[in-house]
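Q: Take a look at the following structure, please.
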Amino acid sequence: MFNLASRTGNAMRRLAAGMATAAESRIGDTKVPMSLLEKDAYINYQRIEDNLVIVRDRLKRPLTLSEKILYGHLDEPHTQDITRGVSYLKLRPDRVACQDATAQMALLQFMSAGMPTAAVPTTVHCDHLIEAQVGGVKDLERAIQINKEVYDFLATGTAKYGLGFWKPGSGIIHQIILENYAFPGGLMIGTDSHTPNAGGLGMIAVGVGGADAVDVMADLPWELKCPKVIGVNLTGKIGGWTTPKDVILKVAGILTVKGGTGAIVEYTGPGVQSLSCTGMATICNMGAEIGATTSLFPFNSRMADYLNATKRGDIAKYAERFQHNLAADKDAEYDERIEINLSELEPHINGPFTPDLATPISKFAEEVKKNNWPAELKVGLIGSCTNSSYEDMSRSASIAKEAADHGLECKSKFTITPGSEQVRATIERDGQIGIFENVGGVVLANACGPCIGQWDRQDVKKGEVNSIITSYNRNFTGRNDANPATHAFVASPDIVTAMTFAGDLTFNPLTDTLIGSDGKPFKFSDPSGNELPPRGYDPGQDTFQPPPEDRAAVQVAVDPKSDRLQLLKPFAPWDGKTPADLPILIKVKGKCTTDHISAGGPWLKYRGHLENISQNCLIGAINSENGEANKVKNQFTGEWGAVPATAQAYREKGIKWVVIGDHNYGEGSSREHAALEPRFLGGLAIITRSFARIHETNLKKQGMLALTFVDPADYDKIKPSDKVDILGLESFSPGKNLTLAIKHEDGSKEEIALAHSFNEGQIEWFKAGSALNLMAKKRASA
């Protein structure tokens with residue numbers, strides 16, 4: 001099914017050249033499937049072994065773990081330029097994963113590529129389109145009814161092109177990947193920013209846009225700027241109320257939301273062994289919040305325990321044989337080092353409004369009072385792709401049971417989101433769900449739900465100031481409930497659970513007491529729970545659809561009249577002319593995440609319909625001209641209107657436009673739509689102080705110019721009423737700056753330098769109109 005022949009052939013040619021020892025010692029002689037669900041696709045440790053012989057000979061230095069895995073997946077290890085932070089690596093990932101919101105556009109693009117089968121194992125997971133309302137069963141039934149045509153499209157599209165399909169109710173993509181597909185030393189890309197969750201099993205897993213996924217599915221190498229490597233050395237031992245979540249909350253406070261940009265965060269040190277596999281996954285998952293390319297841990301016994309518990313003992317044994325390449329070399333060099341003593345680490349609470357505002361719990365009550373944050377806790381929410389493991393649930397249940405034993409119920413609303421059907425079925429069998437429900441908790445569907453804004457929240461009105469606390473990963477303004485006045489804080493499931501019984505953000509469960517039903521004060525004991533279920537996992541309902549043996553008769557379901565699905569038309573190539581007199585659609589002030597550029601929540605239903613979803617383009621961005629969202633001036637008519645409507649008015653008159661952005665533009669979710677929408681509406685360039693990695697790549701893939709001010713202070717020289725020319729495109733080349741010629745409303749002019757990170761191949765994307773256009777052009781001429 002999967003085209004692995006060329007890679008196997010390369011390995012054999014290298015072996016023939018004398019790069020391996022006797023046949024019996026070859027790691028590749030043992031065939032171990034990557035997954036129990038894909039019997040014909042095998043772990044390719046031999047490729048890593050062979051590539052590293054070449055790379056070590058070239059670099060002549062010790063390698064970090066992330067370098068071993070990345071360079072072990074190089075397409076051409078002999079000729080690939082390898083310079084951290086500079087080179088663009090051409091890589092061959094082992095697999096691709098897509099969630100349902102992004103899979104729609106990825107599948108639509110893959111259909112345009114004209115290939116009959118995905119070249120690597122690929123799966124689609126239905127987790128984003130289920131809105132939390134009243135509880136798991138009813139919410140799932142409602143979602144299946146409302147999203148039927150999307151689910152039918154995904155089910156038929158995956159069947160047609162040889163992809164695995166996880167039906168709605170299966171669970172969250174990252175938990176399903178960890179349970180079934182992640183393996184030590186693997187390389188995976190996924191169309192979701194929290195794909196790095198698989199780093200908890202020693203896999204390099206990177207969030208990308210759908211166009212990157214299409215490249216790999218179409219048997220093209222995947223391009224990644226060679227990451228720098230940040231080493232986080234863990235000493236001591238985790239325990240008490242401190243959890244793995246607190247490690248990444250602390251790291252986020254150190255590095256901030258952009259401190260990991262362009263780097264892989266690699267955890268090392270003796271403290272690693274005190275972390276569970278799912279705990280390591282939690283840390284890697286939330287590494288997306290610091291802008292990191294990905295995060296990962298070295299292979300260890302806790303990973304082997306998890307592989308055995310999920311019936312993948314053969315992979316654990318295979319990884320043990322390959323352990324020399326599943327840990328960093330001695331004396332490997334890191335671009336930055338961070339030291340954390342787990343024995344001294346306090347539980348942290350991060351927020352509000354940003355995931356990097358980190359406060360140790362001993363100081364949190366003081367911060368609540370000092371900043372006048374609403375102390376009353378309205379809702380506590382546990383689960384999500386970050387913290388929904390059996391260990392998380394069992395520790396939270398121990399807290400809830402202790403409260404119940406003292407006669408307490410939750411003072412705040414309390415929701416629980418199991419990460420997968422397997423976790424849900426297991427915690428139901430083992431009694432944790434009963435404990436949660438006994439204290440007033442509501443168990444939601446096995447899906448993303450409130451974490452991504454899929455929450456029909458009714459307890460407060462929009463605009464009402466309030467506080468919630470979650471064990472999620474991301475807490476941007478309006479992220480969870482579309483209410484910009486909600487103060488969202490992020491903590492471990494343990495802290496969240498304890499706080500729901502106090503109903504007060506100033507409560508510290510490590511030191512403070514609650515009053516039981518007997519009128520006596522009590523203090524919570526340290527949380528306790530099982531890392532893995534003692535009786536093994538209960539798989540629950542079978543929600544997996546493998547591709548059929550005979551796919552020829554499968555028809556992909558797309559109704560031409562649909563308002564949720566729309567076949568794609570190619571974008572126009574560059575006309576070869578110097579862009580002149582371009583209006584500024586909006587000069588964005590301050591933080592502008594992909595949520596601001598392409599809102600989630602109710603807009604998720606249009607992820608497969610580019611025209612419809614483009615009506616949310618930049619509606620959350622703050623206009624520097626008036627300090628308002630979704631209100632900009634049409635430079636030709638003088639009328640004020642919504643951002644998408646103004647962009648559309650320009651496009652209909654054949655006028656291209658630009659956006660001016662601030663620092664770390666496009667941080668957050670890997671929403672390809674945040675790049676597709678401005679392109680669809682006629683945008684030419686996004687010019688910023690700096691970009692978040694995934695968004696910059698997504699813009700390039702869609703044929704847009706992603707440019708940065710050489711001097712970030714030049715952002716202040718541009719007025720929203722200016723018109724601009726972009727000079728130098730006739731000689732567009734790597735490393736050569738472009739020039740922005742600014743024409744002010746008063747007739748004055750000035751020029752400023754613009755930098756870019758385009759390489760030669762990416763420049764061809766721009767000229768062709770998109771990466772997909774270039775792919776189709778090459779395929780047609782082959």
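Lettering and numbering for the structure tokens are positional, with chains as A, B, ... in the shown order, residues counted from 1 in each chain, and ligands counted from 1 in the shown order.
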Determine, counting only C-alpha atoms, which protein, DNA and RNA residues have an atom within 12 Å of an atom of A:Ser301; residues of the same chain fewer than 4 positions away are not included. Present the result as a list in words.
A: Pro184, Leu201, Gly202, Val272, Gln273, Ser274, Leu275, Ser276, Cys277, Phe297, Asp305, Tyr306, Leu307, Asn308, Gly313, Ala316, Lys317, Ala319, Glu320 and Gln323 of chain A
Q: At a cut-off of 12 Å, using only C-alpha atoms, what residues contact stretch 618-623 of chain A? Leave out same-chain residues fewer than 6 positions from it and give the result as a VMD selection string.
A: chain A and resid 476 to 479 482 484 584 to 600 603 629 to 633 640 to 647 659 to 662 665 to 666 673 to 678 681 719 to 721
Q: Could you write those residues out with N, CA and C atoms, as a short mmCIF file (atom, residue, chain, number, x, y, z; two decimals), in the first residue's frame?
A:
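Contents of the output file selection34.cif:
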data_model
loop_
_atom_site.label_atom_id
_atom_site.label_comp_id
_atom_site.auth_asym_id
_atom_site.auth_seq_id
_atom_site.Cartn_x
_atom_site.Cartn_y
_atom_site.Cartn_z
N PHE A 476 -5.43 31.70 25.00
CA PHE A 476 -5.53 33.02 24.40
C PHE A 476 -6.92 33.62 24.65
N THR A 477 -7.02 34.90 24.48
CA THR A 477 -8.29 35.60 24.69
C THR A 477 -9.41 34.96 23.88
N GLY A 478 -10.48 34.56 24.56
CA GLY A 478 -11.65 33.98 23.88
C GLY A 478 -11.45 32.59 23.34
N ARG A 479 -10.33 31.99 23.61
CA ARG A 479 -9.99 30.68 23.02
C ARG A 479 -11.02 29.60 23.38
N ALA A 482 -15.13 31.86 23.53
CA ALA A 482 -15.42 33.03 22.68
C ALA A 482 -15.78 34.27 23.48
N PRO A 484 -14.18 37.29 25.38
CA PRO A 484 -12.89 37.95 25.62
C PRO A 484 -12.68 38.38 27.06
N ILE A 584 -2.92 48.84 2.37
CA ILE A 584 -2.75 48.04 3.58
C ILE A 584 -4.14 47.67 4.07
N LEU A 585 -4.46 46.38 4.01
CA LEU A 585 -5.77 45.94 4.46
C LEU A 585 -5.96 46.25 5.94
N ILE A 586 -4.94 45.91 6.74
CA ILE A 586 -4.97 46.18 8.17
C ILE A 586 -3.55 46.20 8.69
N LYS A 587 -3.27 47.17 9.55
CA LYS A 587 -2.03 47.15 10.31
C LYS A 587 -2.41 46.62 11.68
N VAL A 588 -1.95 45.41 11.97
CA VAL A 588 -2.35 44.71 13.18
C VAL A 588 -1.52 45.20 14.37
N LYS A 589 -2.20 45.44 15.47
CA LYS A 589 -1.53 45.89 16.68
C LYS A 589 -1.45 44.75 17.68
N GLY A 590 -0.25 44.45 18.17
CA GLY A 590 -0.09 43.48 19.24
C GLY A 590 -0.24 42.04 18.80
N LYS A 591 -0.56 41.17 19.78
CA LYS A 591 -0.63 39.73 19.55
C LYS A 591 -1.65 39.39 18.46
N CYS A 592 -1.22 38.59 17.51
CA CYS A 592 -2.13 38.14 16.45
C CYS A 592 -1.87 36.66 16.20
N THR A 593 -2.66 35.83 16.83
CA THR A 593 -2.51 34.39 16.71
C THR A 593 -3.32 33.89 15.52
N THR A 594 -3.20 32.60 15.24
CA THR A 594 -4.04 32.03 14.18
C THR A 594 -5.52 32.06 14.57
N ASP A 595 -5.82 32.15 15.88
CA ASP A 595 -7.21 32.34 16.30
C ASP A 595 -7.72 33.70 15.85
N HIS A 596 -6.86 34.72 15.91
CA HIS A 596 -7.25 36.05 15.45
C HIS A 596 -7.41 36.09 13.93
N ILE A 597 -6.56 35.33 13.23
CA ILE A 597 -6.57 35.35 11.76
C ILE A 597 -7.69 34.49 11.19
N SER A 598 -7.90 33.32 11.78
CA SER A 598 -8.96 32.42 11.35
C SER A 598 -9.59 31.81 12.58
N ALA A 599 -10.66 32.42 13.04
CA ALA A 599 -11.29 32.03 14.30
C ALA A 599 -11.77 30.58 14.25
N GLY A 600 -11.77 29.94 15.42
CA GLY A 600 -12.27 28.57 15.53
C GLY A 600 -13.72 28.56 15.95
N TRP A 603 -16.79 28.53 13.49
CA TRP A 603 -16.25 28.58 12.12
C TRP A 603 -15.66 27.24 11.68
N ALA A 629 -11.47 45.62 16.57
CA ALA A 629 -11.39 44.40 15.77
C ALA A 629 -12.43 44.44 14.66
N ASN A 630 -12.04 43.89 13.52
CA ASN A 630 -12.95 43.73 12.38
C ASN A 630 -13.60 45.04 11.92
N LYS A 631 -12.81 46.10 11.91
CA LYS A 631 -13.28 47.38 11.39
C LYS A 631 -12.10 48.11 10.76
N VAL A 632 -12.10 48.14 9.42
CA VAL A 632 -11.01 48.78 8.68
C VAL A 632 -11.58 49.71 7.63
N LYS A 633 -10.74 50.64 7.18
CA LYS A 633 -11.18 51.61 6.18
C LYS A 633 -10.78 51.15 4.78
N TRP A 640 -15.86 52.45 6.17
CA TRP A 640 -15.40 51.51 7.17
C TRP A 640 -16.23 50.23 7.07
N GLY A 641 -15.55 49.10 7.17
CA GLY A 641 -16.27 47.84 7.07
C GLY A 641 -15.48 46.69 7.68
N ALA A 642 -16.04 45.49 7.59
CA ALA A 642 -15.39 44.30 8.12
C ALA A 642 -14.15 43.98 7.30
N VAL A 643 -13.18 43.33 7.92
CA VAL A 643 -11.93 43.01 7.23
C VAL A 643 -12.17 42.12 6.01
N PRO A 644 -12.91 41.00 6.14
CA PRO A 644 -13.11 40.15 4.95
C PRO A 644 -13.85 40.86 3.83
N ALA A 645 -14.83 41.65 4.18
CA ALA A 645 -15.61 42.35 3.15
C ALA A 645 -14.74 43.37 2.42
N THR A 646 -13.86 44.06 3.15
CA THR A 646 -12.96 45.04 2.53
C THR A 646 -11.96 44.34 1.63
N ALA A 647 -11.41 43.21 2.10
CA ALA A 647 -10.48 42.44 1.27
C ALA A 647 -11.16 41.97 0.00
N VAL A 659 -0.83 42.97 4.54
CA VAL A 659 -1.10 43.09 5.97
C VAL A 659 0.21 43.44 6.66
N ILE A 660 0.15 44.35 7.62
CA ILE A 660 1.31 44.67 8.45
C ILE A 660 1.08 44.07 9.83
N GLY A 661 2.04 43.29 10.32
CA GLY A 661 1.87 42.58 11.59
C GLY A 661 2.98 42.87 12.59
N ASP A 662 2.72 42.50 13.83
CA ASP A 662 3.64 42.75 14.94
C ASP A 662 4.54 41.53 15.17
N TYR A 665 3.84 36.92 14.74
CA TYR A 665 2.58 36.88 14.01
C TYR A 665 2.24 35.44 13.61
N GLY A 666 1.02 35.02 13.91
CA GLY A 666 0.58 33.67 13.54
C GLY A 666 0.94 32.60 14.54
N HIS A 673 -5.76 27.47 7.24
CA HIS A 673 -6.74 28.43 6.75
C HIS A 673 -6.30 29.87 7.02
N ALA A 674 -5.49 30.07 8.04
CA ALA A 674 -4.99 31.42 8.33
C ALA A 674 -4.07 31.91 7.22
N ALA A 675 -3.54 30.99 6.41
CA ALA A 675 -2.75 31.36 5.23
C ALA A 675 -3.60 31.29 3.96
N LEU A 676 -4.49 30.31 3.88
CA LEU A 676 -5.34 30.17 2.69
C LEU A 676 -6.29 31.35 2.52
N GLU A 677 -6.86 31.82 3.62
CA GLU A 677 -7.88 32.86 3.52
C GLU A 677 -7.36 34.17 2.96
N PRO A 678 -6.26 34.73 3.48
CA PRO A 678 -5.76 35.96 2.86
C PRO A 678 -5.36 35.77 1.40
N LEU A 681 -8.53 35.77 -0.67
CA LEU A 681 -9.16 37.10 -0.73
C LEU A 681 -8.29 38.13 -1.45
N LYS A 719 1.82 53.70 8.19
CA LYS A 719 0.49 54.13 8.61
C LYS A 719 -0.55 53.30 7.86
N PRO A 720 -1.66 53.01 8.50
CA PRO A 720 -2.69 52.19 7.83
C PRO A 720 -3.21 52.79 6.53
N SER A 721 -3.05 54.09 6.37
CA SER A 721 -3.54 54.75 5.14
C SER A 721 -2.51 54.75 4.03
#
Q: Rounded to one decimal in Å, what is the spacing between atom CA of A:His487 and atom CA of A:Asn466?
A: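 Straight-line distance from atom CA of A:His487 to atom CA of A:Asn466 works out to 6.0 Å.
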Q: Quick one: pick out all strand (DSSP E) residues within stretch 176-294 of chain A from a backbone DSSP run and write them as a ChimeraX atom specification.
A: /A:187-190,204-207,222-225,228-235,263-268,294
Q: Write out, as a PDB file, in the first residue's frame, the residues just selected, with C-alpha atoms.
A:
ATOM      1  CA  LEU A 187       9.490  11.057  12.261  1.00  0.00           C
ATOM      2  CA  MET A 188       5.892  12.172  11.822  1.00  0.00           C
ATOM      3  CA  ILE A 189       4.187  15.322  10.624  1.00  0.00           C
ATOM      4  CA  GLY A 190       0.649  16.211  11.630  1.00  0.00           C
ATOM      5  CA  ILE A 204      10.050  13.671  16.372  1.00  0.00           C
ATOM      6  CA  ALA A 205       6.529  14.823  15.586  1.00  0.00           C
ATOM      7  CA  VAL A 206       6.010  18.233  14.014  1.00  0.00           C
ATOM      8  CA  GLY A 207       2.895  20.303  13.449  1.00  0.00           C
ATOM      9  CA  TRP A 222       9.348  17.332   3.445  1.00  0.00           C
ATOM     10  CA  GLU A 223      11.281  20.538   3.950  1.00  0.00           C
ATOM     11  CA  LEU A 224      12.192  21.851   7.407  1.00  0.00           C
ATOM     12  CA  LYS A 225      14.608  24.580   8.393  1.00  0.00           C
ATOM     13  CA  LYS A 228      18.563  24.654  16.698  1.00  0.00           C
ATOM     14  CA  VAL A 229      18.485  22.479  19.827  1.00  0.00           C
ATOM     15  CA  ILE A 230      17.558  23.636  23.310  1.00  0.00           C
ATOM     16  CA  GLY A 231      18.545  21.202  26.044  1.00  0.00           C
ATOM     17  CA  VAL A 232      16.470  21.054  29.223  1.00  0.00           C
ATOM     18  CA  ASN A 233      18.360  19.081  31.848  1.00  0.00           C
ATOM     19  CA  LEU A 234      16.111  17.547  34.486  1.00  0.00           C
ATOM     20  CA  THR A 235      17.541  16.581  37.860  1.00  0.00           C
ATOM     21  CA  ALA A 263      14.363  25.000  17.818  1.00  0.00           C
ATOM     22  CA  ILE A 264      13.696  21.506  19.104  1.00  0.00           C
ATOM     23  CA  VAL A 265      13.498  21.207  22.871  1.00  0.00           C
ATOM     24  CA  GLU A 266      15.303  18.077  24.006  1.00  0.00           C
ATOM     25  CA  TYR A 267      14.909  16.834  27.568  1.00  0.00           C
ATOM     26  CA  THR A 268      17.845  15.110  29.219  1.00  0.00           C
ATOM     27  CA  THR A 294       8.889  19.991  18.507  1.00  0.00           C
TER      28      THR A 294
END
Q: Which one of A:Phe758, A:Phe507, A:Tyr181, A:Trp765 sits closest to A:Val86 if you count only C-alpha atoms?
A: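 Checking each candidate against A:Val86, we get A:Phe758 as the closest.
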Q: Which neighbours of stretch 551-568 of chain A fall inside 7 Å, counting only C-alpha atoms, when residues of the same chain fewer than 4 positions from it are skipped, and could you give them as a list of chain:residue names?
A: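 Residues meeting the cut-off are A:Leu108, A:Asp152, A:Phe153, A:Thr156, A:Gly157, A:Ala159, A:Lys160, A:Lys605, A:Tyr606, A:Gly608, A:His609, A:Leu610.
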Q: Take the residues from that selection and write them out as a CSV table (one decimal), in the first residue's frame, keeping N, CA, C and O atoms.
A:
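The result, stored in selection03.csv:
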chain,number,residue,atom,x,y,z
A,108,LEU,N,-8.7,17.7,0.2
A,108,LEU,CA,-9.0,18.4,-1.1
A,108,LEU,C,-7.8,18.7,-1.9
A,108,LEU,O,-7.8,18.6,-3.1
A,152,ASP,N,-18.9,12.0,6.1
A,152,ASP,CA,-19.0,11.1,4.9
A,152,ASP,C,-17.9,11.4,3.9
A,152,ASP,O,-17.3,10.5,3.3
A,153,PHE,N,-17.6,12.7,3.7
A,153,PHE,CA,-16.4,13.1,2.8
A,153,PHE,C,-15.1,12.5,3.3
A,153,PHE,O,-14.4,11.9,2.6
A,156,THR,N,-15.2,8.6,3.0
A,156,THR,CA,-15.0,8.1,1.6
A,156,THR,C,-13.6,8.5,1.0
A,156,THR,O,-13.0,7.8,0.3
A,157,GLY,N,-13.2,9.7,1.4
A,157,GLY,CA,-11.9,10.2,0.9
A,157,GLY,C,-10.7,9.3,1.5
A,157,GLY,O,-9.8,9.0,0.7
A,159,ALA,N,-11.0,6.2,2.5
A,159,ALA,CA,-11.1,4.9,1.9
A,159,ALA,C,-10.6,4.9,0.4
A,159,ALA,O,-9.9,4.0,0.0
A,160,LYS,N,-10.9,6.0,-0.3
A,160,LYS,CA,-10.4,6.1,-1.7
A,160,LYS,C,-8.9,6.1,-1.8
A,160,LYS,O,-8.3,5.5,-2.7
A,605,LYS,N,-17.0,24.6,11.2
A,605,LYS,CA,-17.8,23.8,10.2
A,605,LYS,C,-17.5,24.2,8.8
A,605,LYS,O,-17.9,23.4,7.9
A,606,TYR,N,-16.8,25.3,8.6
A,606,TYR,CA,-16.5,25.7,7.2
A,606,TYR,C,-15.1,25.3,6.8
A,606,TYR,O,-14.6,25.8,5.8
A,608,GLY,N,-13.8,23.0,5.3
A,608,GLY,CA,-13.7,22.4,4.0
A,608,GLY,C,-14.2,23.2,2.9
A,608,GLY,O,-14.3,22.8,1.7
A,609,HIS,N,-14.6,24.5,3.2
A,609,HIS,CA,-15.2,25.4,2.2
A,609,HIS,C,-14.5,26.7,2.3
A,609,HIS,O,-14.8,27.6,3.1
A,610,LEU,N,-13.5,26.9,1.4
A,610,LEU,CA,-12.6,28.0,1.5
A,610,LEU,C,-13.3,29.4,1.4
A,610,LEU,O,-13.0,30.3,2.1
Q: Residues near A:Asp714, anyone? I mean within 10 Å using only C-alpha atoms, not counting same-chain ones fewer than 6 positions away, as number ranges by chain.
A: A: 688-689, 708, 751-754
